[in-house]
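The next block is my_file.cif, given as mmCIF, C-alpha atoms.
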data_final
#
loop_
_atom_site.label_atom_id
_atom_site.label_comp_id
_atom_site.auth_asym_id
_atom_site.auth_seq_id
_atom_site.Cartn_x
_atom_site.Cartn_y
_atom_site.Cartn_z
CA MET A 1 -46.04 26.72 -79.20
CA GLN A 2 -48.51 29.41 -80.23
CA ARG A 3 -50.86 28.50 -77.36
CA LYS A 4 -48.00 28.65 -74.87
CA LYS A 5 -46.82 32.00 -76.18
CA SER A 6 -50.30 33.51 -76.12
CA SER A 7 -50.82 32.39 -72.50
CA GLU A 8 -47.54 34.01 -71.45
CA LEU A 9 -48.61 37.31 -73.02
CA SER A 10 -52.08 37.37 -71.42
CA PRO A 11 -52.58 40.35 -69.03
CA PRO A 12 -52.52 39.70 -65.25
CA PRO A 13 -55.90 39.62 -63.47
CA PRO A 14 -57.07 42.99 -62.19
CA PRO A 15 -56.75 43.71 -58.44
CA VAL A 16 -59.75 43.12 -56.23
CA TRP A 17 -60.82 46.24 -54.36
CA TRP A 18 -63.75 47.72 -52.48
CA ILE A 19 -64.65 50.85 -50.53
CA GLU A 20 -65.95 50.89 -46.97
CA THR A 21 -67.57 53.96 -45.45
CA SER A 22 -67.83 54.48 -41.70
CA GLY A 23 -69.46 57.73 -40.63
CA SER A 24 -67.75 60.45 -42.66
CA VAL A 25 -64.62 58.44 -43.53
CA SER A 26 -64.18 56.24 -46.64
CA HIS A 27 -61.34 53.72 -47.10
CA ARG A 28 -60.32 51.77 -50.20
CA PHE A 29 -59.25 48.17 -49.51
CA GLN A 30 -57.35 46.39 -52.30
CA PHE A 31 -55.88 42.92 -52.88
CA GLU A 32 -53.05 42.95 -55.44
CA PRO A 33 -52.51 39.96 -57.79
CA ASP A 34 -49.30 39.10 -55.91
CA GLY A 35 -51.30 38.74 -52.65
CA GLN A 36 -50.40 42.10 -51.06
CA PHE A 37 -53.13 43.96 -49.18
CA SER A 38 -53.35 47.76 -49.01
CA VAL A 39 -55.64 50.27 -47.33
CA LYS A 40 -55.97 53.88 -48.41
CA MET A 41 -58.20 56.68 -47.16
CA VAL A 42 -60.11 58.15 -50.09
CA GLU A 43 -62.40 60.61 -48.33
CA ASP A 44 -62.61 62.19 -44.87
CA MET A 45 -65.41 64.72 -44.42
CA ARG A 46 -64.87 65.17 -40.66
CA PRO A 47 -63.98 68.69 -39.48
CA ALA A 48 -60.41 69.14 -38.24
CA SER A 49 -61.46 69.49 -34.58
CA ARG A 50 -63.34 66.20 -34.70
CA ARG A 51 -60.38 64.43 -36.30
CA VAL A 52 -58.11 65.63 -33.49
CA VAL A 53 -60.56 64.52 -30.79
CA GLU A 54 -61.12 61.09 -32.35
CA SER A 55 -57.40 60.61 -32.83
CA PHE A 56 -56.86 61.36 -29.12
CA LEU A 57 -59.65 58.96 -28.11
CA ASN A 58 -58.21 56.19 -30.28
CA LYS A 59 -54.78 56.55 -28.67
CA PHE A 60 -55.79 57.00 -25.03
CA PHE A 61 -59.24 55.41 -24.65
CA PRO A 62 -60.30 51.79 -25.28
CA SER A 63 -61.94 50.83 -28.56
CA GLY A 64 -65.66 51.46 -28.58
CA TYR A 65 -65.51 54.08 -25.81
CA PRO A 66 -67.82 55.01 -24.09
CA TYR A 67 -69.95 51.91 -24.76
CA SER A 68 -67.14 49.42 -24.05
CA VAL A 69 -66.53 50.53 -20.44
CA ASN A 70 -68.58 50.77 -17.26
CA GLU A 71 -69.87 53.99 -15.77
CA GLY A 72 -67.31 56.26 -14.14
CA TYR A 73 -64.37 55.54 -16.45
CA LEU A 74 -64.02 59.13 -17.71
CA ARG A 75 -63.94 60.61 -14.19
CA TYR A 76 -61.49 57.91 -13.10
CA THR A 77 -59.22 58.70 -16.05
CA GLN A 78 -59.33 62.45 -15.45
CA PHE A 79 -58.19 62.17 -11.85
CA ARG A 80 -55.71 59.41 -12.70
CA ALA A 81 -54.04 61.78 -15.17
CA LEU A 82 -53.88 64.60 -12.61
CA GLN A 83 -52.59 62.18 -9.98
CA HIS A 84 -49.71 61.05 -12.20
CA PHE A 85 -48.92 64.64 -13.13
CA SER A 86 -48.61 65.76 -9.51
CA SER A 87 -46.74 62.59 -8.51
CA ALA A 88 -44.11 63.04 -11.23
CA THR A 89 -43.67 66.71 -10.29
CA LEU A 90 -43.14 65.79 -6.63
CA SER A 91 -40.63 63.11 -7.66
CA VAL A 92 -38.37 65.64 -9.39
CA LEU A 93 -38.46 68.04 -6.42
CA SER A 94 -37.75 65.30 -3.86
CA THR A 95 -34.79 63.93 -5.82
CA GLN A 96 -33.26 67.39 -6.17
CA SER A 97 -33.58 67.77 -2.38
CA LEU A 98 -31.86 64.42 -1.83
CA LEU A 99 -28.90 65.45 -3.95
CA PHE A 100 -28.65 68.78 -2.12
CA ALA A 101 -28.64 66.89 1.19
CA ALA A 102 -25.85 64.65 -0.10
CA GLY A 103 -23.71 67.74 -0.73
CA LEU A 104 -24.27 67.92 -4.51
CA ARG A 105 -25.67 70.80 -6.51
CA PRO A 106 -27.67 69.14 -9.27
CA THR A 107 -29.38 70.66 -12.24
CA PRO A 108 -33.09 69.87 -12.65
CA ALA A 109 -32.27 67.50 -15.55
CA GLN A 110 -29.95 65.46 -13.31
CA ALA A 111 -32.68 65.23 -10.67
CA THR A 112 -35.05 63.83 -13.27
CA ALA A 113 -32.64 61.07 -14.33
CA VAL A 114 -31.70 60.00 -10.81
CA SER A 115 -35.36 59.83 -9.68
CA TRP A 116 -35.96 56.84 -11.96
CA ILE A 117 -32.90 55.00 -10.60
CA LEU A 118 -33.87 55.49 -6.95
CA LYS A 119 -37.50 54.51 -7.53
CA ASP A 120 -36.78 51.38 -9.57
CA GLY A 121 -34.09 50.19 -7.19
CA MET A 122 -36.47 50.09 -4.22
CA GLN A 123 -39.18 48.13 -5.98
CA HIS A 124 -37.48 44.83 -5.17
CA VAL A 125 -37.49 45.54 -1.44
CA GLY A 126 -41.15 46.56 -1.59
CA LYS A 127 -42.08 43.34 -3.36
CA LEU A 128 -40.62 41.26 -0.55
CA ILE A 129 -42.44 43.24 2.13
CA CYS A 130 -45.79 43.32 0.31
CA SER A 131 -45.75 39.75 -1.02
CA ASN A 132 -48.05 38.41 1.73
CA LEU A 133 -50.61 41.22 1.43
CA GLY A 134 -51.96 40.36 -2.02
CA ALA A 135 -55.22 38.80 -0.75
CA ARG A 136 -56.00 41.91 1.28
CA MET A 137 -55.37 44.09 -1.76
CA ASP A 138 -57.82 41.98 -3.77
CA SER A 139 -60.44 42.48 -1.07
CA GLU A 140 -59.96 46.24 -0.67
CA PRO A 141 -58.14 47.53 -3.78
CA LYS A 142 -59.43 51.09 -3.33
CA CYS A 143 -58.21 51.40 0.25
CA TRP A 144 -54.79 49.96 -0.59
CA ARG A 145 -54.48 52.20 -3.64
CA ILE A 146 -55.00 55.28 -1.47
CA LEU A 147 -52.58 53.90 1.13
CA ALA A 148 -50.00 53.39 -1.62
CA ASP A 149 -50.12 57.07 -2.54
CA VAL A 150 -49.99 58.15 1.11
CA LEU A 151 -46.84 56.02 1.49
CA TYR A 152 -45.41 57.53 -1.67
CA ASP A 153 -46.00 61.07 -0.45
CA PHE A 154 -44.56 60.19 2.97
CA GLY A 155 -41.37 58.99 1.30
CA THR A 156 -41.30 62.05 -0.91
CA GLY A 157 -41.76 64.32 2.10
CA LEU A 158 -38.78 62.75 3.86
CA GLU A 159 -36.66 63.36 0.78
CA ILE A 160 -37.77 66.99 0.49
CA ILE A 161 -36.84 67.83 4.09
CA SER A 162 -33.56 65.87 3.98
CA PRO A 163 -31.44 69.02 3.29
CA LEU A 164 -32.52 70.33 6.71
CA CYS A 165 -30.59 67.52 8.42
CA PRO A 166 -27.80 66.39 6.07
CA GLN A 167 -26.16 64.36 8.87
CA LEU A 168 -29.15 61.97 8.66
CA PHE A 169 -29.07 61.79 4.89
CA LEU A 170 -28.62 58.00 4.67
CA GLU A 171 -31.41 57.24 7.17
CA MET A 172 -33.93 59.62 5.64
CA ALA A 173 -33.14 58.68 2.05
CA GLY A 174 -33.32 54.97 2.88
CA LEU A 175 -36.63 55.23 4.74
CA GLY A 176 -38.13 57.49 2.09
CA ASN A 177 -37.24 55.19 -0.77
CA PHE A 178 -38.36 52.15 1.21
CA ALA A 179 -41.82 53.73 1.62
CA LYS A 180 -41.90 54.68 -2.05
CA GLY A 181 -40.88 51.16 -3.06
CA MET A 182 -43.76 49.64 -1.07
CA ALA A 183 -46.11 52.24 -2.58
CA VAL A 184 -45.12 51.28 -6.13
CA VAL A 185 -45.80 47.59 -5.49
CA ALA A 186 -49.13 48.24 -3.76
CA ALA A 187 -50.24 50.53 -6.60
CA ARG A 188 -49.34 47.95 -9.22
CA ALA A 189 -50.97 45.10 -7.29
CA THR A 190 -54.31 46.95 -7.12
CA ARG A 191 -54.24 48.04 -10.75
CA LEU A 192 -55.74 44.84 -12.18
CA PRO A 193 -58.89 44.64 -9.97
CA ILE A 194 -59.52 48.33 -10.61
CA TYR A 195 -59.20 48.01 -14.38
CA SER A 196 -61.33 44.83 -14.26
CA SER A 197 -64.22 46.78 -12.77
CA PHE A 198 -64.37 48.94 -15.92
CA ALA A 199 -64.01 46.11 -18.47
CA LYS A 200 -67.45 45.70 -20.02
CA GLU A 201 -66.75 43.62 -23.13
CA GLY A 202 -63.77 41.47 -22.14
CA ASN A 203 -61.47 44.34 -23.16
CA LEU A 204 -59.19 44.27 -20.12
CA SER A 205 -55.96 44.34 -22.14
CA ASP A 206 -57.17 47.33 -24.16
CA LEU A 207 -58.14 49.16 -20.98
CA PHE A 208 -54.77 48.40 -19.43
CA ALA A 209 -52.82 49.55 -22.49
CA LYS A 210 -54.74 52.82 -22.89
CA GLY A 211 -54.59 53.52 -19.15
CA GLU A 212 -50.82 53.11 -19.16
CA ALA A 213 -50.58 55.39 -22.20
CA ILE A 214 -52.38 58.17 -20.30
CA SER A 215 -50.18 57.58 -17.24
CA THR A 216 -47.03 57.84 -19.33
CA LEU A 217 -48.17 61.03 -21.05
CA PHE A 218 -48.97 62.84 -17.81
CA ASN A 219 -45.86 61.51 -16.08
CA VAL A 220 -43.80 63.17 -18.79
CA LEU A 221 -45.79 66.41 -18.45
CA GLY A 222 -45.34 66.25 -14.67
CA ILE A 223 -41.59 65.78 -15.02
CA GLY A 224 -41.49 68.85 -17.26
CA ALA A 225 -43.45 70.85 -14.68
CA GLY A 226 -41.11 69.59 -11.95
CA ILE A 227 -38.06 70.73 -13.90
CA GLN A 228 -39.62 74.17 -14.32
CA LEU A 229 -40.47 74.45 -10.61
CA ALA A 230 -37.04 73.17 -9.56
CA SER A 231 -35.45 75.92 -11.67
CA THR A 232 -37.62 78.73 -10.30
CA VAL A 233 -39.95 78.68 -7.29
CA CYS A 234 -38.56 75.49 -5.75
CA SER A 235 -34.86 76.11 -6.31
CA SER A 236 -34.52 76.50 -2.53
CA THR A 237 -35.59 74.21 0.30
CA GLN A 238 -37.98 76.87 1.56
CA GLY A 239 -39.77 76.89 -1.79
CA LYS A 240 -40.11 73.12 -1.73
CA LEU A 241 -41.53 73.22 1.79
CA VAL A 242 -44.31 75.49 0.51
CA VAL A 243 -45.07 73.81 -2.83
CA GLY A 244 -44.49 70.21 -1.69
CA PRO A 245 -47.42 69.94 0.78
CA LEU A 246 -49.76 71.61 -1.72
CA LEU A 247 -48.82 69.13 -4.44
CA SER A 248 -49.13 66.25 -2.00
CA ALA A 249 -52.61 67.33 -0.86
CA PHE A 250 -53.71 67.67 -4.49
CA HIS A 251 -52.20 64.26 -5.26
CA ILE A 252 -54.11 62.50 -2.44
CA TYR A 253 -57.33 64.28 -3.38
CA CYS A 254 -57.01 63.09 -6.98
CA VAL A 255 -56.43 59.46 -6.05
CA ARG A 256 -59.36 59.58 -3.62
CA GLU A 257 -61.70 60.88 -6.33
CA GLU A 258 -60.23 58.33 -8.74
CA MET A 259 -61.14 55.48 -6.36
CA ARG A 260 -64.59 56.89 -5.61
CA ALA A 261 -65.35 56.78 -9.33
CA THR A 262 -64.39 53.08 -9.59
CA PRO A 263 -67.42 50.70 -9.60
CA VAL A 264 -65.84 47.51 -8.19
CA ASN A 265 -68.33 44.67 -8.76
CA THR A 266 -66.88 41.89 -6.57
CA LEU A 267 -68.14 41.00 -3.10
CA ASN A 268 -66.05 41.82 -0.04
CA PRO A 269 -67.19 42.29 3.59
CA GLN A 270 -67.98 46.02 3.27
CA ARG A 271 -69.88 45.83 -0.03
CA THR A 272 -71.78 42.71 1.06
CA ALA A 273 -72.88 44.41 4.29
CA MET A 274 -74.04 47.49 2.37
CA ILE A 275 -76.01 45.37 -0.11
CA VAL A 276 -77.71 43.37 2.66
CA ALA A 277 -78.51 46.49 4.71
CA GLU A 278 -80.19 48.19 1.75
CA PHE A 279 -82.12 45.03 0.82
CA LEU A 280 -83.52 44.65 4.35
CA LYS A 281 -84.43 48.32 4.53
CA SER A 282 -86.05 48.88 1.13
CA GLY A 283 -86.01 45.60 -0.82
CA ARG A 284 -83.76 47.22 -3.43
CA ILE A 285 -80.23 46.38 -4.55
CA SER A 286 -77.84 49.05 -5.79
CA SER A 287 -75.56 48.48 -8.76
CA PRO A 288 -71.77 48.78 -8.33
CA ALA A 289 -71.97 52.24 -9.93
CA ASP A 290 -74.62 53.35 -7.41
CA LEU A 291 -72.79 51.89 -4.41
CA ARG A 292 -69.31 53.26 -5.19
CA TYR A 293 -69.81 56.66 -3.56
CA GLN A 294 -71.11 55.09 -0.32
CA GLU A 295 -68.01 52.98 0.37
CA ASP A 296 -65.78 53.92 3.28
CA LEU A 297 -62.34 54.11 1.68
CA LEU A 298 -60.40 54.88 4.86
CA PHE A 299 -61.99 52.44 7.35
CA PRO A 300 -63.50 49.63 5.27
CA GLY A 301 -63.65 47.21 8.21
CA ARG A 302 -66.30 49.11 10.18
CA LEU A 303 -69.36 47.09 11.25
CA ILE A 304 -72.75 48.02 9.76
CA GLU A 305 -75.48 47.55 12.34
CA GLU A 306 -78.31 47.43 9.78
CA ALA A 307 -76.62 44.37 8.21
CA GLY A 308 -76.22 42.45 11.48
CA SER A 309 -72.79 43.81 12.51
CA VAL A 310 -71.09 40.81 10.92
CA ARG A 311 -67.38 40.15 11.39
CA VAL A 312 -65.84 37.77 8.87
CA GLY A 313 -62.68 35.71 9.08
CA ARG A 314 -61.93 35.33 12.79
CA PRO A 315 -60.24 32.00 13.64
CA LEU A 316 -62.68 29.23 14.43
CA HIS A 317 -60.95 28.35 17.71
CA ASP A 318 -61.40 31.95 18.91
CA THR A 319 -65.07 32.00 17.98
CA VAL A 320 -66.52 28.63 18.98
CA LYS A 321 -65.80 26.62 22.12
CA PRO A 322 -64.78 22.99 21.44
CA SER A 323 -67.78 21.76 23.42
CA GLU A 324 -70.15 23.76 21.18
CA LEU A 325 -68.55 22.93 17.85
CA HIS A 326 -70.79 19.98 16.93
CA GLU A 327 -73.96 21.88 17.83
CA VAL A 328 -72.94 25.00 15.91
CA ARG A 329 -71.91 22.95 12.89
CA GLU A 330 -75.25 21.12 12.71
CA LYS A 331 -77.35 24.26 13.21
CA PHE A 332 -77.71 25.06 9.49
CA GLY A 333 -77.24 21.61 7.98
CA ASN A 334 -75.03 21.61 4.89
CA GLU A 335 -74.45 25.34 4.71
CA ARG A 336 -70.86 26.49 4.16
CA PHE A 337 -70.82 28.98 6.99
CA ILE A 338 -70.94 29.06 10.77
CA LEU A 339 -72.64 31.88 12.68
CA GLN A 340 -72.01 32.75 16.31
CA ARG A 341 -74.03 35.59 17.84
CA ARG A 342 -72.30 37.94 20.29
CA SER A 343 -73.70 40.81 22.30
CA ARG A 344 -72.45 43.49 19.86
CA TRP A 345 -71.69 41.59 16.66
CA THR A 346 -72.06 38.28 14.83
CA ASP A 347 -69.06 36.16 13.88
CA MET A 348 -69.26 34.42 10.51
CA ILE A 349 -66.68 31.82 9.56
CA LEU A 350 -66.76 30.49 6.01
CA GLU A 351 -65.82 27.05 4.78
CA ARG A 352 -62.69 26.87 2.65
CA ASN A 353 -64.64 26.40 -0.62
CA ALA A 354 -67.42 28.88 0.20
CA SER A 355 -68.45 31.19 -2.64
CA GLY A 356 -69.95 34.63 -2.69
CA GLU A 357 -73.43 33.09 -2.62
CA ASP A 358 -72.59 31.21 0.60
CA ALA A 359 -71.37 34.44 2.20
CA LEU A 360 -74.58 36.19 1.14
CA ARG A 361 -76.72 33.44 2.66
CA GLY A 362 -74.88 33.66 5.95
CA TRP A 363 -74.98 37.45 5.98
CA LEU A 364 -78.75 37.52 5.37
CA VAL A 365 -79.31 35.08 8.25
CA ALA A 366 -77.20 37.22 10.58
CA ALA A 367 -79.00 40.41 9.54
CA TYR A 368 -82.46 38.91 9.90
CA ALA A 369 -81.55 37.43 13.30
CA ALA A 370 -80.29 40.79 14.58
CA ASP A 371 -83.49 42.45 13.37
CA ILE A 372 -85.68 39.81 15.05
CA GLU A 373 -83.82 40.14 18.36
CA LYS A 374 -84.10 43.91 18.20
CA LYS A 375 -87.87 43.86 17.67
CA SER A 376 -88.68 41.04 20.14
CA ASP A 377 -87.26 39.24 23.13
CA GLU A 378 -86.79 35.92 21.38
CA PRO A 379 -83.71 33.89 22.40
CA THR A 380 -80.74 33.83 20.04
CA GLU A 381 -81.21 30.22 18.86
CA LYS A 382 -84.86 30.73 17.97
CA ALA A 383 -84.08 34.03 16.23
CA LEU A 384 -81.39 32.34 14.14
CA MET A 385 -83.70 29.55 13.00
CA GLU A 386 -86.47 32.03 12.11
CA ALA A 387 -83.93 34.16 10.26
CA TYR A 388 -82.73 31.10 8.33
CA GLU A 389 -86.30 30.38 7.21
CA ARG A 390 -86.70 33.97 5.99
CA MET A 391 -83.41 33.78 4.11
CA SER A 392 -84.45 30.54 2.38
CA ILE A 393 -87.62 32.22 1.10
CA VAL A 394 -86.06 35.42 -0.26
CA PHE A 395 -82.65 34.21 -1.38
CA ALA A 396 -83.50 33.07 -4.93
CA PRO A 397 -85.09 36.39 -6.05
CA PHE A 398 -82.45 38.29 -4.06
CA LEU A 399 -79.62 36.52 -5.90
CA SER A 400 -81.25 36.98 -9.31
CA GLN A 401 -81.68 40.70 -8.70
CA LEU A 402 -78.11 40.98 -7.44
CA GLN A 403 -76.65 39.34 -10.55
CA ALA A 404 -78.90 41.40 -12.82
CA ARG A 405 -77.46 44.55 -11.26
CA GLY A 406 -73.96 43.49 -12.32
CA TRP A 407 -72.50 41.91 -9.17
CA HIS A 408 -70.18 38.91 -9.37
CA THR A 409 -71.32 36.31 -6.82
CA ASP A 410 -69.01 33.45 -7.72
CA ARG A 411 -66.43 34.37 -5.08
CA PHE A 412 -66.11 36.28 -1.80
CA LEU A 413 -62.94 38.29 -1.23
CA ASP A 414 -62.40 38.39 2.51
CA GLY A 415 -58.67 39.17 2.43
CA ASN A 416 -56.64 36.94 4.71
CA GLY A 417 -59.65 35.90 6.80
CA CYS A 418 -59.53 32.42 8.32
CA ARG A 419 -61.67 29.67 6.80
CA PHE A 420 -62.42 26.18 8.09
CA ALA A 421 -62.53 22.67 6.62
CA PHE A 422 -63.74 19.61 8.55
#
Spit out the file's structure as structure tokens when you get a sec.
Amino acid sequence: MQRKKSSELSPPPPPVWWIETSGSVSHRFQFEPDGQFSVKMVEDMRPASRRVVESFLNKFFPSGYPYSVNEGYLRYTQFRALQHFSSATLSVLSTQSLLFAAGLRPTPAQATAVSWILKDGMQHVGKLICSNLGARMDSEPKCWRILADVLYDFGTGLEIISPLCPQLFLEMAGLGNFAKGMAVVAARATRLPIYSSFAKEGNLSDLFAKGEAISTLFNVLGIGAGIQLASTVCSSTQGKLVVGPLLSAFHIYCVREEMRATPVNTLNPQRTAMIVAEFLKSGRISSPADLRYQEDLLFPGRLIEEAGSVRVGRPLHDTVKPSELHEVREKFGNERFILQRRSRWTDMILERNASGEDALRGWLVAAYAADIEKKSDEPTEKALMEAYERMSIVFAPFLSQLQARGWHTDRFLDGNGCRFAF
């Protein structure tokens, strides 16, 4: 009995605790006897300004920034914030114009509430229209992202001028919201490949979450600015016709700079042609960060003569005559591409399972063949075979250098281009 009583009166074990110091901040970590875990800051020697900055970075930038993201993320984020600010401001002004055109006299707060209803309602229509364009958006996410904002501003512009012709209110409001609905879907569809280009340490979810946090913050600020403008300068249609185009131009400029800062590291026709052209000219290969400012964001399908003027994805039956099919197929053995030289360009058709490496092999052959024909009078067939031999010699070091520079060569994003399978 005495032993039992003494054991009941024995004091509980002390808690286990330790202190961790990171930079100028110390935290005390403690395990209580009942299993509870607590963390308490015991010392913070950071100046107030630094605490504010680091708190902002923790909330709106991915963990480990700037080392956890690829080059260009800060510039991308700056223009993304300004883009959302101007877009939200335009949205308030356009909705107020719509309600004026419908014969109502809304307050700026009412315009703000209705703008969300109109925008969300048209997303479903946009999804149906854009559902078959996903592969093209994967191939050219920058171009489609800019197009999405042009569509959005077009719809907003129709809404702003709707009070000038109230008898066409239904037509203009419907067309405007239809364009905005397509823009929303296109913008969302291109968001993932753009965020993926910045993910450096498998932190795609963190990038996505922090990017959406910044978007939300500046959307709210933009709505506030829109309410202020709708109450003062833009309370009349004339004011909106002056401020609206300025905001729209600023909005498109921001999204253009945002896309220029994005270092997309997947292979598509334009980027592949630029890589091959530079390699043939200087033997060098640019990284995605170096190549981003050279991309044509408005006309990505243009042919690059220095890379063989290659066109990818034309139907096989439009490119090769049935009588020539066997000969063309056997020209390069087991390669997963077919090349057909024309007077002004080279058609390349890929096999269904062709990867980015197969596309690179075909593109190098086409570029070398065009260069050989330009410098000599050799016939097309002989030039192609000589070009294939050159490609076979340089391809291994070319591919190693390409991958070392950060390019993903496991797939080739050619949009909805046709592929063949025998």
Nearby residues, (-70.8, 59.2, -2.6) file frame, 12 Å, all atoms listed in the file, as a PDB file with C-alpha atoms, keeping the file's coordinate frame:
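Saved the output as selection-v4.pdb:
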ATOM      1  CA  ARG A 256     -59.360  59.580  -3.620  1.00  0.00           C
ATOM      2  CA  GLU A 257     -61.700  60.880  -6.330  1.00  0.00           C
ATOM      3  CA  MET A 259     -61.140  55.480  -6.360  1.00  0.00           C
ATOM      4  CA  ARG A 260     -64.590  56.890  -5.610  1.00  0.00           C
ATOM      5  CA  ALA A 261     -65.350  56.780  -9.330  1.00  0.00           C
ATOM      6  CA  THR A 262     -64.390  53.080  -9.590  1.00  0.00           C
ATOM      7  CA  PRO A 263     -67.420  50.700  -9.600  1.00  0.00           C
ATOM      8  CA  PRO A 288     -71.770  48.780  -8.330  1.00  0.00           C
ATOM      9  CA  ALA A 289     -71.970  52.240  -9.930  1.00  0.00           C
ATOM     10  CA  ASP A 290     -74.620  53.350  -7.410  1.00  0.00           C
ATOM     11  CA  LEU A 291     -72.790  51.890  -4.410  1.00  0.00           C
ATOM     12  CA  ARG A 292     -69.310  53.260  -5.190  1.00  0.00           C
ATOM     13  CA  TYR A 293     -69.810  56.660  -3.560  1.00  0.00           C
ATOM     14  CA  GLN A 294     -71.110  55.090  -0.320  1.00  0.00           C
ATOM     15  CA  GLU A 295     -68.010  52.980   0.370  1.00  0.00           C
ATOM     16  CA  ASP A 296     -65.780  53.920   3.280  1.00  0.00           C
ATOM     17  CA  LEU A 297     -62.340  54.110   1.680  1.00  0.00           C
TER      18      LEU A 297
END
* Asked: Mind telling me what the PyMOL selection byres ((chain A and resi 156-173) around 6) catches here, as a count of residues only?
  -> 10
* To do: Please write the residues picked by the PyMOL selection byres ((chain A and resi 346) around 8) on this file as a PyMOL selection string.
  => chain A and resi 308-311+339-342+344-345+347-348+366
* Identify all residues satisfying the PyMOL selection byres ((chain A and resi 403) around 12) in the given file; provide them as number ranges by chain. => A: 265-267, 285-288, 356-357, 396-402, 404-410
* Distance query 12 Å from (-44.8, 65.9, -18.7) using all atoms listed in the file, result as a list in words -> Ala81, Leu82, His84, Phe85, Ser86, Ser87, Ala88, Thr89, Val92, Thr112, Ile214, Ser215, Thr216, Leu217, Phe218, Asn219, Val220, Leu221, Gly222, Ile223, Gly224, Ala225, Gly226, Ile227 and Gln228 of chain A
